[in-house]
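**Student:** Coordinates in final22.tsv, TSV, C-alpha atoms, are listed below.
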chain	number	residue	atom	x	y	z
A	1	MET	CA	39.55	166.29	128.66
A	2	ASN	CA	38.11	164.07	131.37
A	3	VAL	CA	40.65	163.01	133.93
A	4	GLN	CA	39.81	159.78	135.70
A	5	PRO	CA	40.57	159.71	139.43
A	6	ALA	CA	43.42	157.45	140.46
A	7	PRO	CA	42.22	154.10	141.74
A	8	ALA	CA	42.07	153.86	145.51
A	9	PRO	CA	44.90	151.78	146.93
A	10	LEU	CA	44.77	148.41	148.65
A	11	LEU	CA	46.56	147.77	151.93
A	12	ILE	CA	47.21	144.13	152.82
A	13	ALA	CA	48.20	143.65	156.46
A	14	CYS	CA	49.77	140.65	158.17
A	15	ALA	CA	51.70	140.20	161.39
A	16	LEU	CA	54.49	137.68	160.95
A	17	GLY	CA	57.58	137.60	158.80
A	18	ILE	CA	56.63	134.20	157.38
A	19	GLU	CA	53.20	135.56	156.39
A	20	HIS	CA	54.80	138.59	154.77
A	21	LEU	CA	57.19	136.34	152.88
A	22	ALA	CA	54.33	134.18	151.59
A	23	LEU	CA	52.39	137.19	150.36
A	24	ARG	CA	55.36	138.97	148.78
A	25	SER	CA	56.39	135.79	146.95
A	26	GLY	CA	52.88	135.17	145.58
A	27	ASP	CA	51.43	136.16	142.20
A	28	ARG	CA	51.20	139.97	142.26
A	29	GLY	CA	49.81	140.40	138.76
A	30	GLY	CA	46.35	141.77	138.13
A	31	ALA	CA	46.15	144.39	140.85
A	32	GLY	CA	43.60	147.08	140.07
A	33	GLY	CA	45.56	149.85	141.79
A	34	PRO	CA	48.48	150.52	144.10
A	35	VAL	CA	49.10	147.74	146.64
A	36	THR	CA	50.90	148.19	149.95
A	37	PHE	CA	51.99	145.21	152.05
A	38	VAL	CA	52.28	145.97	155.76
A	39	ARG	CA	53.84	143.75	158.39
A	40	THR	CA	52.25	145.02	161.59
A	41	GLY	CA	54.03	142.90	164.14
A	42	MET	CA	52.36	140.44	166.46
A	43	GLY	CA	49.37	141.23	168.66
A	44	PRO	CA	46.45	143.64	168.64
A	45	ARG	CA	48.36	146.64	169.98
A	46	ALA	CA	51.02	146.35	167.30
A	47	ALA	CA	48.31	145.99	164.64
A	48	GLN	CA	46.46	149.05	165.89
A	49	ARG	CA	49.57	151.21	165.98
A	50	SER	CA	50.76	150.09	162.56
A	51	LEU	CA	47.42	150.58	160.79
A	52	THR	CA	46.83	153.97	162.37
A	53	ARG	CA	50.29	155.13	161.28
A	54	HIS	CA	50.02	153.83	157.72
A	55	LEU	CA	46.49	155.11	157.08
A	56	ALA	CA	47.51	158.59	158.21
A	57	ARG	CA	49.69	158.85	155.10
A	58	PRO	CA	48.01	160.85	152.31
A	59	ALA	CA	48.63	158.10	149.75
A	60	LEU	CA	46.69	155.59	151.88
A	61	THR	CA	43.87	157.76	153.19
A	62	ASP	CA	41.23	155.92	151.14
A	63	ALA	CA	42.86	152.50	151.09
A	64	ALA	CA	40.76	149.38	151.26
A	65	VAL	CA	42.17	147.03	153.90
A	66	VAL	CA	42.54	143.26	153.97
A	67	ALA	CA	43.78	141.58	157.14
A	68	THR	CA	45.36	138.23	156.34
A	69	GLY	CA	47.76	135.57	157.51
A	70	PHE	CA	47.35	132.46	159.62
A	71	CYS	CA	44.76	131.61	162.26
A	72	ALA	CA	43.64	128.91	164.65
A	73	GLY	CA	40.50	127.06	163.71
A	74	LEU	CA	37.88	126.65	166.41
A	75	ALA	CA	35.39	124.30	164.80
A	76	PRO	CA	35.79	120.52	164.84
A	77	GLY	CA	36.64	119.11	161.43
A	78	MET	CA	38.77	122.04	160.29
A	79	HIS	CA	42.10	121.14	158.69
A	80	PRO	CA	45.41	122.99	158.25
A	81	GLY	CA	45.27	124.77	154.91
A	82	ASP	CA	41.55	125.50	155.10
A	83	LEU	CA	40.56	129.11	154.44
A	84	VAL	CA	38.49	131.40	156.65
A	85	VAL	CA	36.65	134.37	155.15
A	86	ALA	CA	35.36	136.51	157.98
A	87	GLU	CA	31.80	137.80	157.86
A	88	GLU	CA	32.83	140.06	160.72
A	89	THR	CA	35.75	140.51	163.08
A	90	ARG	CA	35.18	140.96	166.78
A	91	ASP	CA	37.07	141.53	170.01
A	92	PRO	CA	36.29	143.28	173.31
A	93	HIS	CA	36.75	146.67	171.62
A	94	GLY	CA	34.16	146.21	168.87
A	95	THR	CA	32.74	144.33	165.91
A	96	VAL	CA	33.46	145.24	162.29
A	97	PRO	CA	31.36	143.86	159.40
A	98	CYS	CA	33.35	142.73	156.38
A	99	VAL	CA	32.50	143.76	152.82
A	100	ALA	CA	31.75	141.56	149.79
A	101	THR	CA	32.59	138.29	151.50
A	102	GLU	CA	30.66	136.30	148.88
A	103	LEU	CA	33.03	137.49	146.17
A	104	LEU	CA	36.06	136.49	148.20
A	105	VAL	CA	34.62	133.03	148.81
A	106	LYS	CA	33.92	132.60	145.10
A	107	GLU	CA	37.39	133.74	144.03
A	108	LEU	CA	39.20	131.63	146.62
A	109	ALA	CA	37.23	128.55	145.60
A	110	ARG	CA	38.19	129.23	141.98
A	111	LEU	CA	41.87	129.75	142.77
A	112	LEU	CA	42.18	126.82	145.17
A	113	PRO	CA	39.78	124.09	144.07
A	114	GLY	CA	39.51	121.40	146.69
A	115	ARG	CA	40.34	123.73	149.58
A	116	THR	CA	37.54	124.22	152.08
A	117	VAL	CA	36.48	127.84	152.61
A	118	HIS	CA	34.73	128.57	155.93
A	119	THR	CA	32.71	131.72	156.59
A	120	GLY	CA	31.63	133.18	159.89
A	121	PRO	CA	32.83	135.45	162.69
A	122	LEU	CA	36.58	135.75	163.26
A	123	THR	CA	37.42	136.61	166.84
A	124	GLY	CA	40.47	138.34	168.22
A	125	SER	CA	42.70	137.46	171.15
A	126	ASP	CA	45.70	139.11	172.78
A	127	HIS	CA	47.44	135.76	173.23
A	128	VAL	CA	47.82	132.39	171.54
A	129	VAL	CA	44.70	130.33	172.20
A	130	ARG	CA	45.10	126.70	173.18
A	131	GLY	CA	43.15	123.82	174.66
A	132	PRO	CA	39.85	124.48	176.45
A	133	GLU	CA	39.91	128.19	175.59
A	134	ARG	CA	39.13	127.24	171.99
A	135	SER	CA	35.86	125.66	173.12
A	136	ALA	CA	34.90	128.79	175.03
A	137	LEU	CA	35.49	130.96	171.98
A	138	ARG	CA	33.64	128.52	169.74
A	139	ALA	CA	30.64	128.83	172.06
A	140	THR	CA	30.43	132.54	171.15
A	141	GLY	CA	29.78	131.55	167.51
A	142	ALA	CA	33.28	132.31	166.22
A	143	ILE	CA	34.82	129.86	163.78
A	144	ALA	CA	38.46	130.96	164.07
A	145	VAL	CA	40.75	133.17	166.14
A	146	ASP	CA	43.86	135.24	165.53
A	147	MET	CA	45.63	138.07	167.29
A	148	GLU	CA	45.51	140.90	164.73
A	149	SER	CA	42.52	140.86	162.36
A	150	ALA	CA	39.99	142.45	164.71
A	151	ALA	CA	42.38	145.21	165.76
A	152	THR	CA	43.44	145.78	162.15
A	153	LEU	CA	39.92	146.23	160.82
A	154	LEU	CA	38.71	148.27	163.78
A	155	SER	CA	41.67	150.63	163.34
A	156	ALA	CA	40.97	150.81	159.61
A	157	VAL	CA	37.33	151.87	159.95
A	158	THR	CA	38.15	154.20	162.83
A	159	ALA	CA	40.57	156.03	160.54
A	160	GLY	CA	37.83	156.55	157.92
A	161	GLU	CA	35.09	154.89	155.92
A	162	ARG	CA	36.54	152.17	153.70
A	163	PRO	CA	35.92	148.58	152.56
A	164	VAL	CA	37.54	145.99	154.81
A	165	ALA	CA	37.91	142.22	154.78
A	166	ALA	CA	39.73	139.49	156.67
A	167	VAL	CA	40.93	136.22	155.16
A	168	ARG	CA	42.96	133.73	157.13
A	169	VAL	CA	44.53	130.35	156.49
A	170	VAL	CA	44.03	127.74	159.20
A	171	VAL	CA	47.41	126.64	160.52
A	172	ASP	CA	46.25	124.64	163.53
A	173	THR	CA	43.01	123.14	164.75
A	174	PRO	CA	41.55	121.66	167.94
A	175	GLU	CA	42.81	118.26	166.78
A	176	HIS	CA	46.18	119.44	165.40
A	177	GLU	CA	47.74	122.15	167.55
A	178	LEU	CA	51.10	123.50	166.40
A	179	VAL	CA	53.99	124.54	168.58
A	180	ARG	CA	55.64	126.66	165.87
A	181	ILE	CA	54.37	127.61	162.43
A	182	GLY	CA	56.31	125.92	159.66
A	183	THR	CA	57.77	123.12	161.76
A	184	VAL	CA	55.23	120.54	160.69
A	185	ARG	CA	53.28	119.70	157.60
A	186	GLY	CA	50.26	121.82	158.59
A	187	GLY	CA	52.34	124.98	158.73
A	188	ILE	CA	53.95	124.28	155.37
A	189	SER	CA	50.53	123.65	153.81
A	190	ALA	CA	49.19	126.93	155.19
A	191	PHE	CA	52.22	128.81	153.82
A	192	ARG	CA	51.59	127.45	150.33
A	193	VAL	CA	47.92	128.40	150.49
A	194	LEU	CA	48.73	131.93	151.64
A	195	ARG	CA	51.07	132.34	148.66
A	196	SER	CA	48.12	131.67	146.34
A	197	VAL	CA	45.47	134.06	147.62
A	198	LEU	CA	46.55	137.45	146.26
A	199	PRO	CA	44.52	137.30	143.01
A	200	ALA	CA	41.36	136.91	145.09
A	201	TYR	CA	42.21	140.05	147.06
A	202	PHE	CA	42.89	141.95	143.85
A	203	GLU	CA	39.56	140.87	142.35
A	204	TRP	CA	37.76	141.91	145.55
A	205	HIS	CA	39.48	145.29	145.37
A	206	ARG	CA	38.58	145.84	141.70
A	207	SER	CA	34.94	144.98	142.33
A	208	LEU	CA	34.42	147.69	144.94
A	209	LEU	CA	33.26	151.22	144.33
A	210	LEU	CA	35.62	152.81	146.79
A	211	PRO	CA	34.51	155.98	148.59
A	212	ARG	CA	36.44	159.08	147.66
A	213	ARG	CA	36.97	162.13	149.82
Could you write out this file's structure as structure tokens?
**Tutor:**
Amino acid sequence: MNVQPAPAPLLIACALGIEHLALRSGDRGGAGGPVTFVRTGMGPRAAQRSLTRHLARPALTDAAVVATGFCAGLAPGMHPGDLVVAEETRDPHGTVPCVATELLVKELARLLPGRTVHTGPLTGSDHVVRGPERSALRATGAIAVDMESAATLLSAVTAGERPVAAVRVVVDTPEHELVRIGTVRGGISAFRVLRSVLPAYFEWHRSLLLPRR
């Protein structure tokens, strides 16, 4: 009798409690294998520690990793609730290419018709970026910034070969900076979008031929 190997798991990482709440309250049907939601805590160091610890567990050794949550848009014309699918993540410690971004863009456009999906480099920062610093980061070619995605994906590929991706929801923009997520309409819009994205992550996961050790 042929025994099929168990499907490799999917690890979905975010930083904030409000992001975790949005993801856990979204549609969780249709997953192609085990799914683990990880709240890493805020900042690149917390993300690195959390991912390294979780991926050391035998059950998650081969896990594909998606970094998700909210981000700050860098490009003029972005709006709260827009989506960012990273082609790569980057920070001073390294650059990580993302896998199968075209599929994610297609699935997100199908799930959320009318929402703009941006693609390009997603840069990392160790602090909240405001004002002129956005322009400096935009000049590097990045389209959005957050504090955890780059550290999350770099930690993931350092722990072993695996598919990785980063998808973020724009919560503030150069024209509409937020003081606190969720206190204005832009934050509420981003929360609702984040609740809707899980089926796209599951489809991305199913489409991949995950490496086995």
**Student:** May I have the residues within 12 Å of A:Ala56 as a VMD selection string, using all atoms listed in the file and disregarding those fewer than 3 positions away in the same chain?
**Tutor:** chain A and resid 49 to 53 59 to 63 155 to 156 158 to 160
**Student:** Suppose you want the space between atom CA of A:Leu11 and atom CA of A:Val38; what is it in Å?
**Tutor:**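 We find that atom CA of A:Leu11 and atom CA of A:Val38 lie 7.1 Å from each other.
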**Student:** Give the answer as one residue: which of A:Glu87, A:Glu148, A:Asp126, A:Glu133 has the shortest atom-to-atom distance to A:Phe70, using all atoms listed in the file?
**Tutor:**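 For A:Phe70, the nearest of the given residues is A:Glu148.
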**Student:** In Å to one decimal, how far is atom CA of A:Glu88 from atom CA of A:Ala47?
**Tutor:**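 Interatomic distance, atom CA of A:Ala47 to atom CA of A:Glu88: 17.0 Å.
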**Student:** Could you tell me how far atom CA of A:Phe202 lies from atom CA of A:Arg110, in Å and to one decimal?
**Tutor:**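 It comes out at 13.7 Å.
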**Student:** For A:Pro44, which of A:Ala151, A:Ile188, A:Leu74, A:Leu208 is the closest residue, counting all atoms listed in the file?
**Tutor:**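 For A:Pro44, the nearest of the candidates is A:Ala151.
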**Student:** What's the 12 Å shell around stretch 94-99 of chain A, counting all atoms listed in the file, without same-chain residues fewer than 4 positions away, as a ChimeraX atom specification?
**Tutor:** /A:64-67,85-90,103-105,119-124,149-158,161-167,201,204-205,207-210
**Student:** Those residues you just picked out, can you put them in a file as a short mmCIF file (atom, residue, chain, number, x, y, z; two decimals), in the frame of the given file with C-alpha atoms?
**Tutor:**
data_model
loop_
_atom_site.label_atom_id
_atom_site.label_comp_id
_atom_site.auth_asym_id
_atom_site.auth_seq_id
_atom_site.Cartn_x
_atom_site.Cartn_y
_atom_site.Cartn_z
CA ALA A 64 40.76 149.38 151.26
CA VAL A 65 42.17 147.03 153.90
CA VAL A 66 42.54 143.26 153.97
CA ALA A 67 43.78 141.58 157.14
CA VAL A 85 36.65 134.37 155.15
CA ALA A 86 35.36 136.51 157.98
CA GLU A 87 31.80 137.80 157.86
CA GLU A 88 32.83 140.06 160.72
CA THR A 89 35.75 140.51 163.08
CA ARG A 90 35.18 140.96 166.78
CA LEU A 103 33.03 137.49 146.17
CA LEU A 104 36.06 136.49 148.20
CA VAL A 105 34.62 133.03 148.81
CA THR A 119 32.71 131.72 156.59
CA GLY A 120 31.63 133.18 159.89
CA PRO A 121 32.83 135.45 162.69
CA LEU A 122 36.58 135.75 163.26
CA THR A 123 37.42 136.61 166.84
CA GLY A 124 40.47 138.34 168.22
CA SER A 149 42.52 140.86 162.36
CA ALA A 150 39.99 142.45 164.71
CA ALA A 151 42.38 145.21 165.76
CA THR A 152 43.44 145.78 162.15
CA LEU A 153 39.92 146.23 160.82
CA LEU A 154 38.71 148.27 163.78
CA SER A 155 41.67 150.63 163.34
CA ALA A 156 40.97 150.81 159.61
CA VAL A 157 37.33 151.87 159.95
CA THR A 158 38.15 154.20 162.83
CA GLU A 161 35.09 154.89 155.92
CA ARG A 162 36.54 152.17 153.70
CA PRO A 163 35.92 148.58 152.56
CA VAL A 164 37.54 145.99 154.81
CA ALA A 165 37.91 142.22 154.78
CA ALA A 166 39.73 139.49 156.67
CA VAL A 167 40.93 136.22 155.16
CA TYR A 201 42.21 140.05 147.06
CA TRP A 204 37.76 141.91 145.55
CA HIS A 205 39.48 145.29 145.37
CA SER A 207 34.94 144.98 142.33
CA LEU A 208 34.42 147.69 144.94
CA LEU A 209 33.26 151.22 144.33
CA LEU A 210 35.62 152.81 146.79
#
**Student:** For A:Val129, which residue out of A:Gly141, A:Pro58, A:Pro34, A:Gly73 is the nearest one, using only C-alpha atoms?
**Tutor:** A:Gly73
**Student:** Which one is closest to A:Val170: A:Leu111, A:Leu55, A:Ala72, A:Val145? Count all atoms listed in the file.
**Tutor:**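 Closest to A:Val170 of all the choices is A:Ala72.
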**Student:** Which of these, A:Gly114, A:Gly41, A:Pro76, A:Gly81, has the shortest distance to A:Ala13 once you count all atoms listed in the file?
**Tutor:**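 With all atoms listed in the file as the atom set, the closest residue is A:Gly41.
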**Student:** Excluding same-chain residues fewer than 5 positions from A:Asp82, what lies within 10 Å of it counting all atoms listed in the file, as a list in words?
**Tutor:**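 My reading of the contact set: Cys71, Gly73, Gly114, Arg115, Thr116, Val117, His118, Arg168, Val169, Val170, Val171, Asp172, Ser189, Ala190 and Val193 of chain A.
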**Student:** Applying 8 Å and all atoms listed in the file, which residues near stretch 19-21 of chain A remain after dropping the ones on its own chain fewer than 6 positions away? List them as a PyMOL selection string.
**Tutor:** chain A and resi 37-39+69-70+191+194
**Student:** Kindly export the residues of the current selection with C-alpha atoms, as a PDB file, in the coordinates of the input.
**Tutor:**
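As written to disk, out17.pdb reads:
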ATOM      1  CA  PHE A  37      51.990 145.210 152.050  1.00  0.00           C
ATOM      2  CA  VAL A  38      52.280 145.970 155.760  1.00  0.00           C
ATOM      3  CA  ARG A  39      53.840 143.750 158.390  1.00  0.00           C
ATOM      4  CA  GLY A  69      47.760 135.570 157.510  1.00  0.00           C
ATOM      5  CA  PHE A  70      47.350 132.460 159.620  1.00  0.00           C
ATOM      6  CA  PHE A 191      52.220 128.810 153.820  1.00  0.00           C
ATOM      7  CA  LEU A 194      48.730 131.930 151.640  1.00  0.00           C
TER       8      LEU A 194
END
**Student:** So, with all atoms listed in the file as the atoms that count, which of A:Leu16, A:Val128, A:Ala109, A:Glu203 lies closest to A:Val84?
**Tutor:**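 The shortest atom-to-atom distance to A:Val84 comes from A:Ala109.
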**Student:** Taking all atoms of stretch 69-77 of chain A that appear in the file, build a box with edges along x, y and z, extend it by 3 Å on every side, and state its centre and edge lengths in Å to one decimal, as JSON.
**Tutor:**
{"center_x": 41.6, "center_y": 127.3, "center_z": 162.0, "size_x": 18.4, "size_y": 22.5, "size_z": 14.9}
**Student:** Can you put all heavy atoms back into stretch 42-53 of chain A and show it as a PDB file, in the frame of the given file?
**Tutor:**
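Below is the file that was written, part-v2.pdb:
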ATOM      1  N   MET A  42      53.294 141.352 165.825  1.00  0.00           N
ATOM      2  CA  MET A  42      52.360 140.440 166.460  1.00  0.00           C
ATOM      3  C   MET A  42      51.535 141.120 167.552  1.00  0.00           C
ATOM      4  O   MET A  42      52.060 141.916 168.323  1.00  0.00           O
ATOM      5  CB  MET A  42      53.109 139.244 167.056  1.00  0.00           C
ATOM      6  CG  MET A  42      52.205 138.184 167.663  1.00  0.00           C
ATOM      7  SD  MET A  42      53.137 136.795 168.370  1.00  0.00           S
ATOM      8  CE  MET A  42      53.757 136.061 166.857  1.00  0.00           C
ATOM      9  N   GLY A  43      50.247 140.788 167.590  1.00  0.00           N
ATOM     10  CA  GLY A  43      49.370 141.230 168.660  1.00  0.00           C
ATOM     11  C   GLY A  43      48.508 142.413 168.273  1.00  0.00           C
ATOM     12  O   GLY A  43      48.810 143.168 167.340  1.00  0.00           O
ATOM     13  N   PRO A  44      47.390 142.582 169.000  1.00  0.00           N
ATOM     14  CA  PRO A  44      46.450 143.640 168.640  1.00  0.00           C
ATOM     15  C   PRO A  44      46.998 145.057 168.805  1.00  0.00           C
ATOM     16  O   PRO A  44      46.674 145.937 168.015  1.00  0.00           O
ATOM     17  CB  PRO A  44      45.256 143.389 169.570  1.00  0.00           C
ATOM     18  CG  PRO A  44      45.784 142.535 170.682  1.00  0.00           C
ATOM     19  CD  PRO A  44      46.885 141.719 170.086  1.00  0.00           C
ATOM     20  N   ARG A  45      47.827 145.286 169.796  1.00  0.00           N
ATOM     21  CA  ARG A  45      48.360 146.640 169.980  1.00  0.00           C
ATOM     22  C   ARG A  45      49.296 147.015 168.835  1.00  0.00           C
ATOM     23  O   ARG A  45      49.247 148.143 168.331  1.00  0.00           O
ATOM     24  CB  ARG A  45      49.090 146.742 171.315  1.00  0.00           C
ATOM     25  CG  ARG A  45      48.166 146.692 172.526  1.00  0.00           C
ATOM     26  CD  ARG A  45      48.932 146.915 173.812  1.00  0.00           C
ATOM     27  NE  ARG A  45      48.043 146.889 174.975  1.00  0.00           N
ATOM     28  CZ  ARG A  45      48.439 147.045 176.223  1.00  0.00           C
ATOM     29  NH1 ARG A  45      49.733 147.247 176.490  1.00  0.00           N
ATOM     30  NH2 ARG A  45      47.570 147.006 177.215  1.00  0.00           N
ATOM     31  N   ALA A  46      50.128 146.079 168.433  1.00  0.00           N
ATOM     32  CA  ALA A  46      51.020 146.350 167.300  1.00  0.00           C
ATOM     33  C   ALA A  46      50.220 146.594 166.037  1.00  0.00           C
ATOM     34  O   ALA A  46      50.532 147.491 165.243  1.00  0.00           O
ATOM     35  CB  ALA A  46      51.981 145.184 167.109  1.00  0.00           C
ATOM     36  N   ALA A  47      49.155 145.809 165.819  1.00  0.00           N
ATOM     37  CA  ALA A  47      48.310 145.990 164.640  1.00  0.00           C
ATOM     38  C   ALA A  47      47.640 147.351 164.644  1.00  0.00           C
ATOM     39  O   ALA A  47      47.602 148.050 163.620  1.00  0.00           O
ATOM     40  CB  ALA A  47      47.268 144.877 164.566  1.00  0.00           C
ATOM     41  N   GLN A  48      47.127 147.749 165.794  1.00  0.00           N
ATOM     42  CA  GLN A  48      46.460 149.050 165.890  1.00  0.00           C
ATOM     43  C   GLN A  48      47.422 150.193 165.610  1.00  0.00           C
ATOM     44  O   GLN A  48      47.113 151.106 164.832  1.00  0.00           O
ATOM     45  CB  GLN A  48      45.854 149.199 167.296  1.00  0.00           C
ATOM     46  CG  GLN A  48      44.978 150.434 167.477  1.00  0.00           C
ATOM     47  CD  GLN A  48      45.770 151.667 167.874  1.00  0.00           C
ATOM     48  OE1 GLN A  48      46.809 151.557 168.521  1.00  0.00           O
ATOM     49  NE2 GLN A  48      45.291 152.826 167.469  1.00  0.00           N
ATOM     50  N   ARG A  49      48.591 150.131 166.200  1.00  0.00           N
ATOM     51  CA  ARG A  49      49.570 151.210 165.980  1.00  0.00           C
ATOM     52  C   ARG A  49      50.002 151.274 164.521  1.00  0.00           C
ATOM     53  O   ARG A  49      50.095 152.358 163.933  1.00  0.00           O
ATOM     54  CB  ARG A  49      50.796 150.987 166.880  1.00  0.00           C
ATOM     55  CG  ARG A  49      50.570 151.246 168.349  1.00  0.00           C
ATOM     56  CD  ARG A  49      51.888 151.343 169.084  1.00  0.00           C
ATOM     57  NE  ARG A  49      52.634 150.090 169.016  1.00  0.00           N
ATOM     58  CZ  ARG A  49      52.593 149.136 169.933  1.00  0.00           C
ATOM     59  NH1 ARG A  49      51.824 149.281 171.007  1.00  0.00           N
ATOM     60  NH2 ARG A  49      53.314 148.026 169.800  1.00  0.00           N
ATOM     61  N   SER A  50      50.269 150.117 163.931  1.00  0.00           N
ATOM     62  CA  SER A  50      50.760 150.090 162.560  1.00  0.00           C
ATOM     63  C   SER A  50      49.709 150.603 161.583  1.00  0.00           C
ATOM     64  O   SER A  50      50.016 151.423 160.696  1.00  0.00           O
ATOM     65  CB  SER A  50      51.176 148.667 162.191  1.00  0.00           C
ATOM     66  OG  SER A  50      51.662 148.614 160.874  1.00  0.00           O
ATOM     67  N   LEU A  51      48.467 150.132 161.718  1.00  0.00           N
ATOM     68  CA  LEU A  51      47.420 150.580 160.790  1.00  0.00           C
ATOM     69  C   LEU A  51      47.149 152.066 160.936  1.00  0.00           C
ATOM     70  O   LEU A  51      46.995 152.782 159.940  1.00  0.00           O
ATOM     71  CB  LEU A  51      46.137 149.777 161.019  1.00  0.00           C
ATOM     72  CG  LEU A  51      45.902 148.614 160.059  1.00  0.00           C
ATOM     73  CD1 LEU A  51      45.589 149.120 158.659  1.00  0.00           C
ATOM     74  CD2 LEU A  51      47.118 147.698 160.015  1.00  0.00           C
ATOM     75  N   THR A  52      47.082 152.547 162.160  1.00  0.00           N
ATOM     76  CA  THR A  52      46.830 153.970 162.370  1.00  0.00           C
ATOM     77  C   THR A  52      47.920 154.811 161.722  1.00  0.00           C
ATOM     78  O   THR A  52      47.639 155.829 161.068  1.00  0.00           O
ATOM     79  CB  THR A  52      46.742 154.265 163.878  1.00  0.00           C
ATOM     80  OG1 THR A  52      45.671 153.510 164.448  1.00  0.00           O
ATOM     81  CG2 THR A  52      46.491 155.744 164.121  1.00  0.00           C
ATOM     82  N   ARG A  53      49.166 154.383 161.862  1.00  0.00           N
ATOM     83  CA  ARG A  53      50.290 155.130 161.280  1.00  0.00           C
ATOM     84  C   ARG A  53      50.243 155.103 159.761  1.00  0.00           C
ATOM     85  O   ARG A  53      50.391 156.144 159.107  1.00  0.00           O
ATOM     86  CB  ARG A  53      51.605 154.530 161.778  1.00  0.00           C
ATOM     87  CG  ARG A  53      52.834 155.269 161.280  1.00  0.00           C
ATOM     88  CD  ARG A  53      54.101 154.721 161.900  1.00  0.00           C
ATOM     89  NE  ARG A  53      54.414 153.370 161.431  1.00  0.00           N
ATOM     90  CZ  ARG A  53      54.279 152.273 162.149  1.00  0.00           C
ATOM     91  NH1 ARG A  53      53.814 152.339 163.399  1.00  0.00           N
ATOM     92  NH2 ARG A  53      54.610 151.091 161.656  1.00  0.00           N
TER      93      ARG A  53
END
